[in-house]
Amino acid sequence: MKTLNFPKKIKVGVIELESVLSVKKVNNRFVLGGLEGTFLQCLADKLNFEIEIILAPDGEITTDFGNGTFGGITGLLQRGEADMGVIGLTITEEVTDVVDFSVPLNILEMTFVTKEPGEMPKVSAFSYPFNLEVWILYASMILATTILFQRIMFRNATLLGSFLSVLGSIASQAMENVINSPWRRVIFGFWLSIATVMPFFYNTSFLSFLTMPGKVPVPRTFEELSNAVLSGKYKCLTPKEVNEKDLIHANEDEYMVKLGEIIEKNNWKYSFAEQFTDLLDDPVAIIISKSTFRILVGSPPYVNVKVSDDYLGVWYTAINWRKGFCCRERVDEVIYGIVSGGLYEKWIEDNAFRDKLHKRLEMKHEEPELQLMLEDLKMAFYALFIGYALSFLAFIAELLIPRRFDIFYS
């Protein structure tokens, strides 16, 4: 449909990005590909205008120079060098004075991704059933019980003898030399219940781990990521094509403020145009929107990444216009029809599937090995042999230590 007074040619500010927008010039005409290319061509066909592509000289979407001027696609619009800007431009307060926005196109849910965690090492599997806090509490309880029993439960027992008796009760060994009285039997029964239940929980958890090993813990929320970055265990990268202040200062929580400060201090950035997934081989988290990652990289199980459980923020994307462009209302009508009809979402799915089809074809299906192997039981045998060695040393010590040095009874 031809619209009165609608421009015959529109200058469009873009950057080239694989799977999002590609530009080729054939017979003096621009041939567009990718998600935004399909969308832009649809607008041109519907509104009967010719597209003139203007590439952002710095290859970025938005760069805030801090003095009221911008670079990237936003800078082209601010200087009047382009009429329209596309490719993931977000509706933000910072640029409202220099550009106008269309109706929203898509939602960017900003998350972070890390490499899919590997299996936890089996060499220290004996410590996995309980976390550090439980181990500390359990050890403190054993020491407190040792002192208590030595004073009120055993006849003439030394502290070492009381400790060995308490430790033996955890391993289902009988306690001897216990003073028999009603209130002592209550205390004794309470301890035996603990000595029975705790090893049961430990054994079931330990066997479960041997059967199905756990994964190495990775940050799952931005608070966990902030703590990991501040402790030096992780790096966190932001996309250089996006105004980092929109991402870093989107949340006023203390942990996000600290995370933003260390990202700015170290200038941790990556580019959409690079193979940024290779960066995940190190302990690195990458901040990116779900839809952008799906288009540029793919989606699990065809990529080995872990997506965070929460969001840094949610932004709407839109077409950006230079101030004073004449026909925004007419374009908004067409955009509203495209979005409400589900065409834009369909183009996202089509481009993500087509461009990443080779990854799906290269993926090999492997049947998981469900049987226990010697490698899986290695830690259990280590623990058994260590126990035998300690028992043998105790036996030798009992034979060699003179009778007069009684360590069990005072």
# chains A, B, ... in the order shown; residues from 1 in each chain; ligands from 1
call {"tool": "select_by_dssp", "arguments": {"residues": "region 249-346 of chain A", "states": "alpha helix (DSSP H)", "output": "PyMOL selection string"}}
result
chain A and resi 254-266+290-296+328-340+343-346
call {"tool": "residues_around", "arguments": {"residues": "Ile91 (chain A)", "least_positions_apart": "5", "cutoff": "10 Å", "atoms": "only C-alpha atoms", "output": "list in words"}}
result
Thr96, Val99, Asp100, Phe101, Ser102, Val103, Pro104, Trp315, Tyr316, Thr317, Ala318, Ile319 and Asn320 of chain A
call {"tool": "closest_atom_pairs", "arguments": {"of": "region 254-339 of chain A", "to": "region 63-82 of chain A", "cutoff": "9 Å", "atoms": "only C-alpha atoms", "output": "tab-separated table"}}
result
residue	atom	partner	partner_atom	distance
A:Asn320	CA	A:Thr74	CA	7.8
A:Trp321	CA	A:Leu77	CA	6.7
A:Arg322	CA	A:Leu77	CA	4.8
A:Lys323	CA	A:Gln78	CA	7.6
call {"tool": "atom_distance", "arguments": {"atom1": "CA of Trp347 (chain A)", "atom2": "CA of Glu36 (chain A)"}}
result
8.8 Å
call {"tool": "residues_around", "arguments": {"residues": "Lys46 (chain A)", "least_positions_apart": "4", "cutoff": "12 Å", "atoms": "only C-alpha atoms", "output": "VMD selection string"}}
result
chain A and resid 1 to 3 6 39 to 42 50 330 to 331 333 to 335 337 to 338
call {"tool": "atom_distance", "arguments": {"atom1": "CA of Lys9 (chain A)", "atom2": "CA of Met84 (chain A)"}}
result
11.0 Å
call {"tool": "residues_around", "arguments": {"residues": "Thr277 (chain A)", "least_positions_apart": "6", "cutoff": "12 Å", "atoms": "only C-alpha atoms", "output": "short mmCIF file (atom, residue, chain, number, x, y, z; two decimals) with N, CA and C atoms, in the first residue's frame"}}
result
data_model
loop_
_atom_site.label_atom_id
_atom_site.label_comp_id
_atom_site.auth_asym_id
_atom_site.auth_seq_id
_atom_site.Cartn_x
_atom_site.Cartn_y
_atom_site.Cartn_z
N VAL A 113 25.09 -16.56 31.47
CA VAL A 113 25.31 -17.97 31.17
C VAL A 113 26.71 -18.35 31.60
N THR A 114 26.85 -19.58 32.03
CA THR A 114 28.15 -20.17 32.37
C THR A 114 28.26 -21.51 31.65
N LYS A 115 29.45 -22.04 31.65
CA LYS A 115 29.64 -23.35 31.04
C LYS A 115 28.91 -24.42 31.84
N GLU A 116 28.36 -25.40 31.15
CA GLU A 116 27.70 -26.51 31.82
C GLU A 116 28.68 -27.17 32.78
N LEU A 237 31.51 -10.84 32.07
CA LEU A 237 31.69 -10.01 30.89
C LEU A 237 30.35 -9.43 30.44
N TYR A 270 32.91 -8.37 26.00
CA TYR A 270 33.00 -9.30 24.88
C TYR A 270 32.18 -8.73 23.74
N SER A 271 32.32 -9.30 22.56
CA SER A 271 31.60 -8.80 21.38
C SER A 271 30.69 -9.88 20.83
N PRO A 283 36.58 -20.00 34.01
CA PRO A 283 35.49 -19.63 34.93
C PRO A 283 34.96 -18.23 34.61
N VAL A 284 34.10 -18.15 33.62
CA VAL A 284 33.59 -16.88 33.12
C VAL A 284 32.08 -16.95 33.02
N ALA A 285 31.42 -15.87 33.39
CA ALA A 285 29.98 -15.70 33.17
C ALA A 285 29.79 -14.57 32.17
N ILE A 286 28.84 -14.76 31.26
CA ILE A 286 28.57 -13.78 30.21
C ILE A 286 27.14 -13.27 30.38
N ILE A 287 26.99 -11.96 30.49
CA ILE A 287 25.66 -11.36 30.58
C ILE A 287 25.11 -11.19 29.16
N ILE A 288 23.92 -11.75 28.94
CA ILE A 288 23.31 -11.73 27.61
C ILE A 288 21.83 -12.00 27.76
N PHE A 293 20.98 -14.88 22.87
CA PHE A 293 21.79 -16.09 22.94
C PHE A 293 21.20 -17.19 22.05
N LEU A 296 22.11 -16.19 18.36
CA LEU A 296 23.53 -16.20 18.01
C LEU A 296 24.19 -17.55 18.24
N VAL A 297 23.75 -18.29 19.25
CA VAL A 297 24.45 -19.51 19.64
C VAL A 297 23.57 -20.76 19.51
N GLY A 298 22.36 -20.68 19.95
CA GLY A 298 21.47 -21.85 19.98
C GLY A 298 20.90 -22.01 21.38
N VAL A 303 23.78 -26.71 23.01
CA VAL A 303 24.93 -25.96 23.52
C VAL A 303 25.08 -26.29 25.00
N ASN A 304 26.30 -26.46 25.43
CA ASN A 304 26.57 -26.87 26.82
C ASN A 304 26.76 -25.65 27.72
N VAL A 305 25.65 -24.99 28.00
CA VAL A 305 25.71 -23.82 28.88
C VAL A 305 24.62 -23.94 29.93
N LYS A 306 24.79 -23.19 30.99
CA LYS A 306 23.82 -23.13 32.07
C LYS A 306 23.33 -21.69 32.18
#
call {"tool": "residues_around", "arguments": {"residues": "region 118-120 of chain A", "least_positions_apart": "6", "cutoff": "12 Å", "atoms": "only C-alpha atoms", "output": "NGL selection string"}}
result
:A and (126-128 or 209-210 or 212-218 or 281 or 304-306 or 376)
call {"tool": "write_last_selection", "arguments": {"atoms": "N, CA, C and O atoms", "output": "short mmCIF file (atom, residue, chain, number, x, y, z; two decimals), in the first residue's frame"}}
result
data_model
loop_
_atom_site.label_atom_id
_atom_site.label_comp_id
_atom_site.auth_asym_id
_atom_site.auth_seq_id
_atom_site.Cartn_x
_atom_site.Cartn_y
_atom_site.Cartn_z
N PHE A 126 33.78 -38.62 49.84
CA PHE A 126 33.34 -38.90 51.22
C PHE A 126 32.82 -37.64 51.91
O PHE A 126 32.06 -37.73 52.88
N SER A 127 33.22 -36.46 51.43
CA SER A 127 32.80 -35.22 52.09
C SER A 127 31.54 -34.62 51.50
O SER A 127 30.98 -33.67 52.05
N TYR A 128 31.04 -35.17 50.38
CA TYR A 128 29.92 -34.54 49.69
C TYR A 128 28.56 -34.68 50.37
O TYR A 128 27.73 -33.78 50.23
N PHE A 209 25.47 -40.53 45.57
CA PHE A 209 26.47 -39.82 44.79
C PHE A 209 27.27 -40.78 43.92
O PHE A 209 27.58 -40.48 42.77
N LEU A 210 27.63 -41.95 44.47
CA LEU A 210 28.38 -42.91 43.67
C LEU A 210 27.57 -43.38 42.47
O LEU A 210 28.11 -43.65 41.40
N MET A 212 24.95 -41.63 41.01
CA MET A 212 24.70 -40.48 40.12
C MET A 212 25.51 -39.29 40.63
O MET A 212 25.03 -38.52 41.46
N PRO A 213 26.75 -39.14 40.17
CA PRO A 213 27.62 -38.08 40.69
C PRO A 213 27.02 -36.70 40.50
O PRO A 213 26.33 -36.41 39.51
N GLY A 214 27.26 -35.82 41.46
CA GLY A 214 26.77 -34.46 41.39
C GLY A 214 27.60 -33.60 40.47
O GLY A 214 28.65 -34.00 39.98
N LYS A 215 27.11 -32.40 40.22
CA LYS A 215 27.78 -31.45 39.35
C LYS A 215 28.55 -30.43 40.19
O LYS A 215 28.16 -30.09 41.31
N VAL A 216 29.64 -29.94 39.61
CA VAL A 216 30.40 -28.89 40.28
C VAL A 216 29.51 -27.66 40.42
O VAL A 216 28.88 -27.22 39.44
N PRO A 217 29.38 -27.09 41.60
CA PRO A 217 28.48 -25.93 41.77
C PRO A 217 28.97 -24.72 40.98
O PRO A 217 30.16 -24.41 40.97
N VAL A 218 28.03 -24.07 40.30
CA VAL A 218 28.32 -22.84 39.57
C VAL A 218 27.31 -21.79 40.02
O VAL A 218 26.25 -22.12 40.55
N ASP A 281 35.15 -21.44 28.47
CA ASP A 281 36.04 -22.52 28.90
C ASP A 281 36.74 -22.19 30.20
O ASP A 281 37.13 -23.08 30.96
N ASN A 304 26.30 -26.46 25.43
CA ASN A 304 26.57 -26.87 26.82
C ASN A 304 26.76 -25.65 27.72
O ASN A 304 27.87 -25.31 28.10
N VAL A 305 25.65 -24.99 28.00
CA VAL A 305 25.71 -23.82 28.88
C VAL A 305 24.62 -23.94 29.93
O VAL A 305 23.66 -24.70 29.78
N LYS A 306 24.79 -23.19 30.99
CA LYS A 306 23.82 -23.13 32.07
C LYS A 306 23.33 -21.69 32.18
O LYS A 306 24.13 -20.76 32.33
N ASP A 376 34.06 -45.72 39.62
CA ASP A 376 33.06 -45.10 40.49
C ASP A 376 33.23 -45.49 41.94
O ASP A 376 32.86 -44.73 42.85
#
call {"tool": "residues_around", "arguments": {"residues": "Leu312 (chain A)", "least_positions_apart": "4", "cutoff": "12 Å", "atoms": "only C-alpha atoms", "output": "PyMOL selection string"}}
result
chain A and resi 108-113+221-223+225-226+238+246-253+255-257+259-260+286-290+308
call {"tool": "select_by_dssp", "arguments": {"residues": "region 141-366 of chain A", "states": "strand (DSSP E or B)", "output": "JSON, numbers by chain"}}
result
{"A": [154, 157, 178, 215, 235, 236, 237, 238, 239, 269, 270, 284, 285, 286, 287, 288, 289, 305, 306, 307, 313, 314, 315, 316, 317, 320, 321, 322]}
call {"tool": "residues_around", "arguments": {"residues": "Glu16 (chain A)", "least_positions_apart": "2", "cutoff": "10 Å", "atoms": "only C-alpha atoms", "output": "PyMOL selection string"}}
result
chain A and resi 14+18-23+33-34+37+55-56+59-60+87+273
call {"tool": "write_last_selection", "arguments": {"atoms": "all heavy atoms", "output": "short mmCIF file (atom, residue, chain, number, x, y, z; two decimals), in the first residue's frame"}}
result
data_model
loop_
_atom_site.label_atom_id
_atom_site.label_comp_id
_atom_site.auth_asym_id
_atom_site.auth_seq_id
_atom_site.Cartn_x
_atom_site.Cartn_y
_atom_site.Cartn_z
N VAL A 14 22.61 0.51 10.98
CA VAL A 14 22.70 -0.88 11.42
C VAL A 14 24.15 -1.23 11.72
O VAL A 14 25.07 -0.46 11.43
CB VAL A 14 22.16 -1.87 10.35
CG1 VAL A 14 20.71 -1.58 10.02
CG2 VAL A 14 23.02 -1.83 9.09
N GLU A 18 26.01 -11.75 12.54
CA GLU A 18 25.58 -13.05 12.04
C GLU A 18 24.26 -13.47 12.67
O GLU A 18 24.05 -13.34 13.88
CB GLU A 18 26.65 -14.11 12.35
CG GLU A 18 26.30 -15.49 11.84
CD GLU A 18 27.30 -16.54 12.28
OE1 GLU A 18 28.24 -16.19 13.02
OE2 GLU A 18 27.14 -17.71 11.89
N SER A 19 23.37 -13.97 11.84
CA SER A 19 22.05 -14.46 12.22
C SER A 19 21.07 -13.35 12.60
O SER A 19 19.87 -13.60 12.71
CB SER A 19 22.11 -15.47 13.39
OG SER A 19 22.89 -16.57 13.06
N VAL A 20 21.56 -12.13 12.78
CA VAL A 20 20.68 -11.02 13.14
C VAL A 20 20.45 -10.12 11.93
O VAL A 20 19.32 -9.84 11.56
CB VAL A 20 21.26 -10.21 14.31
CG1 VAL A 20 20.35 -9.04 14.66
CG2 VAL A 20 21.44 -11.11 15.52
N LEU A 21 21.53 -9.66 11.30
CA LEU A 21 21.39 -8.85 10.09
C LEU A 21 22.65 -8.98 9.25
O LEU A 21 23.75 -8.74 9.74
CB LEU A 21 21.12 -7.39 10.42
CG LEU A 21 20.67 -6.52 9.24
CD1 LEU A 21 19.66 -5.48 9.69
CD2 LEU A 21 21.85 -5.82 8.58
N SER A 22 22.47 -9.36 8.00
CA SER A 22 23.56 -9.39 7.04
C SER A 22 23.17 -8.51 5.85
O SER A 22 21.99 -8.42 5.50
CB SER A 22 23.84 -10.82 6.57
OG SER A 22 22.69 -11.39 5.94
N VAL A 23 24.16 -7.86 5.26
CA VAL A 23 23.91 -6.91 4.18
C VAL A 23 24.77 -7.28 2.98
O VAL A 23 25.99 -7.42 3.11
CB VAL A 23 24.22 -5.46 4.63
CG1 VAL A 23 23.93 -4.49 3.50
CG2 VAL A 23 23.40 -5.10 5.87
N GLY A 33 19.59 -10.14 5.11
CA GLY A 33 19.35 -11.47 5.68
C GLY A 33 19.32 -11.41 7.19
O GLY A 33 19.62 -10.38 7.79
N GLY A 34 18.97 -12.51 7.81
CA GLY A 34 18.89 -12.56 9.26
C GLY A 34 17.54 -12.08 9.78
O GLY A 34 16.66 -11.65 9.02
N GLY A 37 16.98 -8.33 9.22
CA GLY A 37 16.89 -8.11 7.78
C GLY A 37 15.53 -8.50 7.24
O GLY A 37 14.94 -7.80 6.41
N LEU A 55 26.08 1.83 7.81
CA LEU A 55 26.73 1.04 8.85
C LEU A 55 27.34 1.96 9.91
O LEU A 55 27.99 2.96 9.58
CB LEU A 55 27.84 0.17 8.24
CG LEU A 55 27.38 -0.96 7.31
CD1 LEU A 55 28.58 -1.65 6.68
CD2 LEU A 55 26.54 -1.98 8.07
N ALA A 56 27.11 1.62 11.17
CA ALA A 56 27.70 2.40 12.26
C ALA A 56 29.22 2.28 12.19
O ALA A 56 29.75 1.16 12.16
CB ALA A 56 27.20 1.89 13.60
N GLY A 59 30.85 0.15 14.84
CA GLY A 59 30.36 -1.22 14.96
C GLY A 59 29.62 -1.52 16.24
O GLY A 59 29.52 -2.66 16.65
N GLU A 60 29.07 -0.49 16.89
CA GLU A 60 28.37 -0.68 18.16
C GLU A 60 26.94 -0.21 18.06
O GLU A 60 26.58 0.58 17.18
CB GLU A 60 29.10 0.04 19.29
CG GLU A 60 30.51 -0.50 19.53
CD GLU A 60 31.15 0.08 20.78
OE1 GLU A 60 30.44 0.79 21.52
OE2 GLU A 60 32.35 -0.18 20.99
N ILE A 87 18.26 -3.39 15.21
CA ILE A 87 19.14 -4.37 15.86
C ILE A 87 19.18 -4.14 17.37
O ILE A 87 20.07 -3.47 17.90
CB ILE A 87 20.58 -4.40 15.32
CG1 ILE A 87 20.60 -4.83 13.87
CG2 ILE A 87 21.43 -5.35 16.11
CD1 ILE A 87 21.96 -5.18 13.33
N ALA A 273 30.05 -10.21 17.84
CA ALA A 273 30.60 -10.64 16.56
C ALA A 273 31.68 -11.71 16.72
O ALA A 273 32.10 -12.32 15.74
CB ALA A 273 31.17 -9.44 15.80
#
call {"tool": "atom_distance", "arguments": {"atom1": "CA of Ile152 (chain A)", "atom2": "CA of Trp191 (chain A)"}}
result
13.6 Å
call {"tool": "closest_residue", "arguments": {"among": "A:Leu132, A:Ala383, A:Met153, A:Ile263", "to": "Leu230 (chain A)", "atoms": "only C-alpha atoms"}}
result
A:Ile263
